[in-house]
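Listing of input_10.tsv; format and content: TSV, C-alpha atoms.
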```tsv
chain	number	residue	atom	x	y	z
E	16	MET	CA	255.04	160.33	144.53
E	17	PRO	CA	251.75	158.92	145.87
E	18	ALA	CA	248.54	160.90	145.55
E	19	ARG	CA	248.01	163.56	148.18
E	20	PHE	CA	244.71	161.97	149.20
E	21	PRO	CA	244.92	158.31	148.10
E	22	ASP	CA	241.75	156.25	147.74
E	23	LYS	CA	241.91	153.47	150.35
E	24	THR	CA	238.36	152.18	149.93
E	25	PHE	CA	239.37	148.69	148.93
E	26	LEU	CA	242.09	148.57	151.59
E	27	THR	CA	240.04	149.57	154.63
E	28	GLN	CA	236.75	147.71	154.06
E	29	PRO	CA	236.84	144.00	154.93
E	30	GLY	CA	235.94	141.81	151.98
E	31	ALA	CA	235.88	144.73	149.58
E	32	ALA	CA	237.70	144.29	146.29
E	33	GLU	CA	237.94	146.30	143.13
E	34	PRO	CA	235.70	144.78	140.43
E	35	GLN	CA	237.63	142.57	138.03
E	36	PRO	CA	236.59	141.52	134.52
E	37	GLN	CA	235.51	137.94	134.03
E	38	SER	CA	238.36	135.75	132.90
E	39	ASN	CA	236.45	134.62	129.80
E	40	ALA	CA	235.20	138.08	128.78
E	41	GLU	CA	236.28	139.40	125.39
E	42	PRO	CA	238.38	142.58	125.45
E	43	SER	CA	236.31	145.68	124.84
E	44	CYS	CA	239.01	147.13	122.57
E	45	LYS	CA	240.35	144.75	119.95
E	46	LEU	CA	241.62	144.60	116.39
E	47	LEU	CA	238.81	143.64	114.01
E	48	VAL	CA	240.54	143.62	110.64
E	49	THR	CA	243.69	144.68	108.84
E	50	LYS	CA	243.63	145.79	105.21
E	51	PRO	CA	246.28	146.36	102.53
E	52	GLY	CA	248.10	149.65	102.73
E	53	GLY	CA	248.58	149.65	106.50
E	54	ARG	CA	244.88	150.06	107.31
E	55	SER	CA	243.32	148.64	110.45
E	56	VAL	CA	239.95	148.74	112.20
E	57	TRP	CA	239.51	148.42	115.98
E	58	SER	CA	236.42	148.01	118.14
E	59	LEU	CA	235.98	150.50	120.96
E	60	GLY	CA	233.45	148.78	123.18
E	61	SER	CA	230.20	147.91	121.42
E	62	LYS	CA	229.24	151.37	120.14
E	63	TYR	CA	232.27	152.72	118.25
E	64	ILE	CA	235.12	151.68	115.97
E	65	LEU	CA	238.52	153.26	115.38
E	66	LYS	CA	239.89	153.32	111.84
E	67	GLU	CA	243.59	153.94	111.16
E	68	ARG	CA	245.28	154.39	107.79
E	69	GLY	CA	248.07	156.26	106.10
E	70	TYR	CA	247.41	159.95	105.54
E	71	TYR	CA	247.12	161.39	102.05
E	72	PRO	CA	245.72	164.71	100.84
E	73	GLY	CA	241.99	164.17	100.90
E	74	SER	CA	241.90	161.67	103.77
E	75	GLU	CA	239.31	163.87	105.42
E	76	LEU	CA	236.93	163.32	102.51
E	77	GLU	CA	235.49	160.14	104.04
E	78	VAL	CA	234.42	162.20	107.06
E	79	THR	CA	232.69	164.74	104.80
E	80	ASN	CA	230.99	162.03	102.72
E	81	THR	CA	229.89	159.92	105.67
E	82	ASN	CA	228.39	162.69	107.74
E	83	PHE	CA	226.72	164.24	104.69
E	84	ILE	CA	224.82	161.06	103.88
E	85	ALA	CA	224.29	160.02	107.51
E	86	ASN	CA	221.93	162.99	107.86
E	87	LYS	CA	219.74	161.45	105.16
E	88	ALA	CA	220.20	157.73	105.79
E	89	LYS	CA	217.98	157.07	108.84
E	90	GLY	CA	220.55	155.10	110.81
E	91	ARG	CA	221.93	153.11	107.89
E	92	VAL	CA	225.19	155.08	107.74
E	93	PRO	CA	227.32	155.43	110.91
E	94	ARG	CA	228.43	158.95	111.79
E	95	ILE	CA	232.10	159.80	112.28
E	96	VAL	CA	232.32	161.54	115.65
E	97	ALA	CA	236.05	162.40	115.65
E	98	SER	CA	238.98	162.40	113.22
E	99	TRP	CA	242.55	163.64	113.28
E	100	ARG	CA	245.97	163.38	111.67
E	101	GLU	CA	249.14	162.31	113.47
E	102	GLY	CA	252.21	162.54	111.27
E	103	ASP	CA	251.66	160.22	108.31
E	104	ARG	CA	248.65	158.46	109.88
E	105	PHE	CA	244.96	159.36	109.87
E	106	PHE	CA	242.47	158.27	112.53
E	107	SER	CA	238.69	158.38	112.76
E	108	VAL	CA	236.20	157.26	115.41
E	109	GLN	CA	232.88	156.13	114.02
E	110	GLU	CA	229.59	154.86	115.34
E	111	ARG	CA	229.19	151.12	115.00
E	112	ILE	CA	226.31	149.54	113.11
E	113	GLU	CA	224.79	146.41	114.62
E	114	GLY	CA	225.24	143.36	112.44
E	115	GLU	CA	228.09	142.02	110.34
E	116	PRO	CA	229.48	142.41	106.81
E	117	LEU	CA	227.59	140.46	104.17
E	118	GLU	CA	230.74	138.50	103.34
E	119	ASP	CA	230.86	137.13	106.91
E	120	ALA	CA	227.15	136.33	107.01
E	121	LEU	CA	227.06	134.44	103.70
E	122	PRO	CA	227.27	130.89	105.16
E	123	LYS	CA	224.09	131.58	107.14
E	124	LEU	CA	222.05	133.16	104.35
E	125	THR	CA	219.63	131.54	101.93
E	126	LYS	CA	218.96	132.55	98.34
E	127	GLU	CA	215.76	134.20	99.60
E	128	ASP	CA	217.80	136.21	102.11
E	129	LEU	CA	220.13	137.42	99.35
E	130	ALA	CA	217.18	138.41	97.19
E	131	ARG	CA	215.69	140.42	100.05
E	132	ILE	CA	219.01	142.05	100.94
E	133	GLY	CA	219.66	142.93	97.28
E	134	LYS	CA	216.25	144.58	97.01
E	135	GLN	CA	216.83	146.54	100.25
E	136	VAL	CA	220.30	147.68	99.20
E	137	GLY	CA	218.96	148.73	95.82
E	138	GLU	CA	216.15	150.75	97.35
E	139	PHE	CA	218.70	152.58	99.49
E	140	ILE	CA	220.91	153.31	96.48
E	141	ILE	CA	217.90	154.61	94.55
E	142	GLU	CA	217.34	157.11	97.37
E	143	LEU	CA	220.92	158.36	96.89
E	144	ARG	CA	220.40	158.75	93.14
E	145	SER	CA	218.00	161.60	93.81
E	146	ILE	CA	221.04	163.66	94.92
E	147	THR	CA	222.69	165.07	91.80
E	148	ARG	CA	225.18	167.71	90.70
E	149	PRO	CA	225.93	169.26	87.32
E	150	GLN	CA	229.60	168.20	87.63
E	151	MET	CA	231.16	164.76	88.07
E	152	GLN	CA	233.21	165.36	91.21
E	153	MET	CA	233.86	164.50	94.82
E	154	MET	CA	232.05	166.31	97.62
E	155	ASP	CA	234.96	168.73	98.04
E	156	GLY	CA	235.01	169.65	94.34
E	157	ARG	CA	238.00	167.64	93.14
E	158	PRO	CA	237.73	165.14	90.23
E	159	VAL	CA	236.41	161.70	91.19
E	160	ILE	CA	239.09	159.44	92.65
E	161	ASP	CA	237.79	155.91	92.02
E	162	ARG	CA	240.61	154.44	89.94
E	163	ARG	CA	238.34	151.66	88.67
E	164	LEU	CA	236.57	154.29	86.58
E	165	PHE	CA	239.41	156.67	85.79
E	166	LYS	CA	242.58	154.60	85.85
E	167	PRO	CA	245.78	156.54	86.69
E	168	LEU	CA	247.65	157.63	83.62
E	169	PRO	CA	251.05	156.04	82.88
E	170	GLY	CA	253.73	157.38	85.20
E	171	SER	CA	251.18	158.86	87.62
E	172	ALA	CA	249.99	157.49	90.97
E	173	HIS	CA	246.73	159.36	90.58
E	174	ALA	CA	244.38	160.01	87.69
E	175	SER	CA	244.98	163.42	86.12
E	176	TYR	CA	241.56	164.08	84.70
E	177	SER	CA	239.38	167.13	84.49
E	178	ILE	CA	236.04	167.66	86.23
E	179	CYS	CA	233.35	166.65	83.75
E	180	THR	CA	230.17	168.60	83.16
E	181	SER	CA	228.73	166.60	80.23
E	182	HIS	CA	228.45	163.12	78.76
E	183	ASP	CA	230.93	164.02	76.02
E	184	GLN	CA	233.55	165.09	78.58
E	185	VAL	CA	233.18	161.80	80.46
E	186	ALA	CA	233.63	159.90	77.20
E	187	ALA	CA	236.68	161.99	76.29
E	188	ASN	CA	238.31	161.32	79.66
E	189	LEU	CA	237.66	157.60	79.45
E	190	ALA	CA	238.92	157.48	75.87
E	191	TYR	CA	242.15	159.20	76.88
E	192	SER	CA	243.48	156.15	78.74
E	193	ILE	CA	242.92	153.71	75.85
E	194	ARG	CA	243.70	155.89	72.85
E	195	HIS	CA	247.11	154.19	72.43
E	196	LEU	CA	245.58	150.69	72.54
E	197	VAL	CA	243.10	150.79	69.66
E	198	LYS	CA	242.81	152.23	66.19
E	199	PRO	CA	241.10	155.65	65.96
E	200	GLU	CA	238.05	154.25	64.19
E	201	THR	CA	237.65	151.52	66.84
E	202	LEU	CA	237.95	154.08	69.61
E	203	TYR	CA	235.34	156.31	67.99
E	204	THR	CA	232.89	153.42	67.58
E	205	LEU	CA	233.37	152.23	71.15
E	206	MET	CA	232.92	155.62	72.79
E	207	ALA	CA	229.88	156.38	70.63
E	208	LYS	CA	228.19	153.36	72.21
E	209	MET	CA	228.81	154.49	75.81
E	210	PRO	CA	225.43	154.86	77.57
E	211	SER	CA	224.53	158.34	78.74
E	212	ALA	CA	226.45	159.40	81.82
E	213	MET	CA	223.87	162.00	82.79
E	214	PRO	CA	222.83	162.93	85.36
E	215	PHE	CA	225.76	162.71	87.76
E	216	THR	CA	224.28	160.97	90.81
E	217	PHE	CA	225.62	160.59	94.34
E	218	SER	CA	227.15	157.11	94.49
E	219	HIS	CA	228.89	155.05	97.17
E	220	SER	CA	231.26	153.66	94.50
E	221	ASP	CA	232.47	150.70	96.59
E	222	LEU	CA	229.39	148.53	96.88
E	223	HIS	CA	230.83	145.13	97.78
E	224	GLU	CA	230.19	142.38	100.34
E	225	GLY	CA	232.61	143.82	102.90
E	226	ASN	CA	230.84	147.19	103.05
E	227	ILE	CA	227.23	145.96	103.14
E	228	MET	CA	226.10	145.36	106.73
E	229	VAL	CA	223.36	142.82	107.47
E	230	LYS	CA	221.52	141.47	110.48
E	231	ASP	CA	218.94	138.66	110.70
E	232	GLY	CA	218.86	138.37	106.92
E	233	ASN	CA	218.23	142.07	106.29
E	234	PHE	CA	220.28	145.03	105.09
E	235	VAL	CA	221.03	147.40	107.98
E	236	GLY	CA	223.73	149.75	106.73
E	237	LEU	CA	226.52	150.73	104.37
E	238	ILE	CA	230.05	151.62	105.51
E	239	ASP	CA	233.30	153.00	104.04
E	240	TRP	CA	232.28	156.12	102.07
E	241	GLU	CA	235.81	157.20	101.10
E	242	LEU	CA	235.18	156.97	97.34
E	243	ALA	CA	231.66	158.39	97.35
E	244	GLY	CA	230.92	161.26	95.01
E	245	PHE	CA	228.94	162.27	91.95
E	246	TYR	CA	229.47	159.71	89.18
E	247	PRO	CA	227.81	158.71	85.88
E	248	ARG	CA	224.29	157.48	86.58
E	249	TRP	CA	225.24	153.89	85.65
E	250	TRP	CA	228.45	153.64	87.68
E	251	GLU	CA	226.96	152.37	90.95
E	252	PHE	CA	225.39	149.36	89.21
E	253	VAL	CA	228.38	148.67	86.95
E	254	ASN	CA	230.73	148.75	89.96
E	255	SER	CA	228.48	146.79	92.35
E	256	CYS	CA	229.22	143.29	93.67
E	257	GLU	CA	228.11	140.45	91.40
E	258	LEU	CA	226.64	138.58	94.37
E	259	LEU	CA	223.68	140.98	94.60
E	260	SER	CA	223.65	142.35	91.06
E	261	ASP	CA	220.77	140.19	89.84
E	262	TYR	CA	218.65	141.07	92.88
E	263	LEU	CA	218.91	144.84	92.59
E	264	PRO	CA	215.69	146.63	91.53
E	265	ALA	CA	215.11	147.02	87.79
E	266	GLU	CA	215.26	150.81	88.18
E	267	LEU	CA	218.90	150.53	89.24
E	268	GLN	CA	220.06	147.90	86.75
E	269	ASP	CA	221.74	148.97	83.52
E	270	GLN	CA	222.87	145.89	81.62
E	271	ASP	CA	223.82	147.92	78.55
E	272	ALA	CA	226.23	150.02	80.58
E	273	LEU	CA	227.68	146.91	82.24
E	274	ALA	CA	228.25	145.22	78.88
E	275	TRP	CA	229.84	148.38	77.46
E	276	PHE	CA	232.15	148.86	80.42
E	277	ARG	CA	233.28	145.24	80.31
E	278	VAL	CA	234.50	145.79	76.75
E	279	TYR	CA	236.11	149.10	77.67
E	280	HIS	CA	237.78	147.57	80.76
E	281	THR	CA	239.13	144.61	78.77
E	282	ILE	CA	240.77	146.96	76.29
E	283	ARG	CA	242.11	149.25	79.00
E	284	GLU	CA	243.70	146.40	80.93
E	285	SER	CA	245.17	144.70	77.87
E	286	GLN	CA	248.79	145.00	76.93
E	287	GLY	CA	248.16	144.77	73.21
E	288	GLY	CA	247.25	147.58	70.90
E	289	ASN	CA	245.76	148.74	67.60
E	290	GLN	CA	242.77	146.39	67.76
```
Output the structure of this file as structure tokens.
Amino acid sequence: MPARFPDKTFLTQPGAAEPQPQSNAEPSCKLLVTKPGGRSVWSLGSKYILKERGYYPGSELEVTNTNFIANKAKGRVPRIVASWREGDRFFSVQERIEGEPLEDALPKLTKEDLARIGKQVGEFIIELRSITRPQMQMMDGRPVIDRRLFKPLPGSAHASYSICTSHDQVAANLAYSIRHLVKPETLYTLMAKMPSAMPFTFSHSDLHEGNIMVKDGNFVGLIDWELAGFYPRWWEFVNSCELLSDYLPAELQDQDALAWFRVYHTIRESQGGNQ
């Protein structure tokens, strides 16, 4: 049925017509990117984005992480203004940072630009390192979920590790996943060389070119805080993108930890044993 009081403005006024978008105008809502695992990101006008992914227990953690750090980040972290679950999907609406991912801007950047961006990113990360906890955990109290640090155990989709409260507990958890690959004396020597994990500092834990936002050759923000939590003090540097690694401030760099983790990672990913 028609409306009780239909609007006839554009029918009764000569020459009047409802405004139409320009034929060459870009749609205000469009798909920006698709990611493995059924994830997608959409633009909602120029000020917001919509993120969609499969739901899993803990999907809400990105909302907690993002809004926690957004209060301290002075515009460099976009707030999530709405989130909800529908069946097996999870949605969030987030403010949009001006600029573009570093990976997209690379062709336009000079070595000097990269050096400046690396310094700016590092200074931001150093600010986060002042936030610590006595336990290595996510914001909601569960064990850390970055599988690049704690690889899932055989036969498990998720890492089954305990919450660590000391350097020795971190070493014990890391040793657990390679104990079947090396001789006991080799394992003992390797873990004894692990740099101190203390203190557990708030870390983004996914510092790569796709999550670093830049504009006009400067760092403007960091996105995708799903894995953020309290990790060993060296983890943010060890897990950072190689593109900017050399440009990060000396205070953030830990070459000893990087060298140690490379050895550990090589053993963990190997198929051999009893080295």
Considering only C-alpha atoms, give me a table of residues in segment 99-163 of chain E that are at most 9 Å from segment 75-81 of chain E, with the closest atom pair and distance in Å for each, as JSON lines.
```
{"residue": "E:Trp99", "atom": "CA", "partner": "E:Glu75", "partner_atom": "CA", "distance": 8.5}
{"residue": "E:Phe105", "atom": "CA", "partner": "E:Glu75", "partner_atom": "CA", "distance": 8.5}
{"residue": "E:Ser107", "atom": "CA", "partner": "E:Val78", "partner_atom": "CA", "distance": 8.1}
{"residue": "E:Met153", "atom": "CA", "partner": "E:Leu76", "partner_atom": "CA", "distance": 8.4}
{"residue": "E:Met154", "atom": "CA", "partner": "E:Asn80", "partner_atom": "CA", "distance": 6.7}
{"residue": "E:Asp155", "atom": "CA", "partner": "E:Leu76", "partner_atom": "CA", "distance": 7.3}
```
Any chance you could export the current selection's C-alpha atoms as a PDB file, in the coordinates of the input?
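Output contents, as saved in result-v3.pdb:
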```pdb
ATOM      1  CA  TRP E  99     242.550 163.640 113.280  1.00  0.00           C
ATOM      2  CA  PHE E 105     244.960 159.360 109.870  1.00  0.00           C
ATOM      3  CA  SER E 107     238.690 158.380 112.760  1.00  0.00           C
ATOM      4  CA  MET E 153     233.860 164.500  94.820  1.00  0.00           C
ATOM      5  CA  MET E 154     232.050 166.310  97.620  1.00  0.00           C
ATOM      6  CA  ASP E 155     234.960 168.730  98.040  1.00  0.00           C
TER       7      ASP E 155
END
```
Given all atoms listed in the file, how would the per-residue table for segment 77-190 of chain E near segment 265-275 of chain E read, listing every residue at most 10 Å away with its closest atom pair and distance in Å to one decimal, sorted by chain and number, as a Markdown table?
```
| residue | atom | partner | partner_atom | distance |
| --- | --- | --- | --- | --- |
| E:Lys134 | CA | E:Ala265 | CA | 9.6 |
| E:Gly137 | CA | E:Leu267 | CA | 6.8 |
| E:Glu138 | CA | E:Leu267 | CA | 8.6 |
| E:Ile140 | CA | E:Leu267 | CA | 8.0 |
| E:Ile141 | CA | E:Leu267 | CA | 6.8 |
| E:Arg144 | CA | E:Leu267 | CA | 9.2 |
```
Nearest residue to His223 of chain E from the set E:Ile132, E:Leu196, E:Asp22, E:Leu117 (distances using only C-alpha atoms):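 Selected residue with least distance to His223 of chain E: E:Leu117.
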Using all atoms listed in the file, the best pick from E:Ile160, E:Ile193, E:Ala88, E:Ile112 as closest to Leu242 of chain E would be E:Ile160
Counting all atoms listed in the file, closest pick from E:Lys50, E:Lys123, E:Lys23, E:Arg131 relative to Phe234 of chain E is E:Arg131
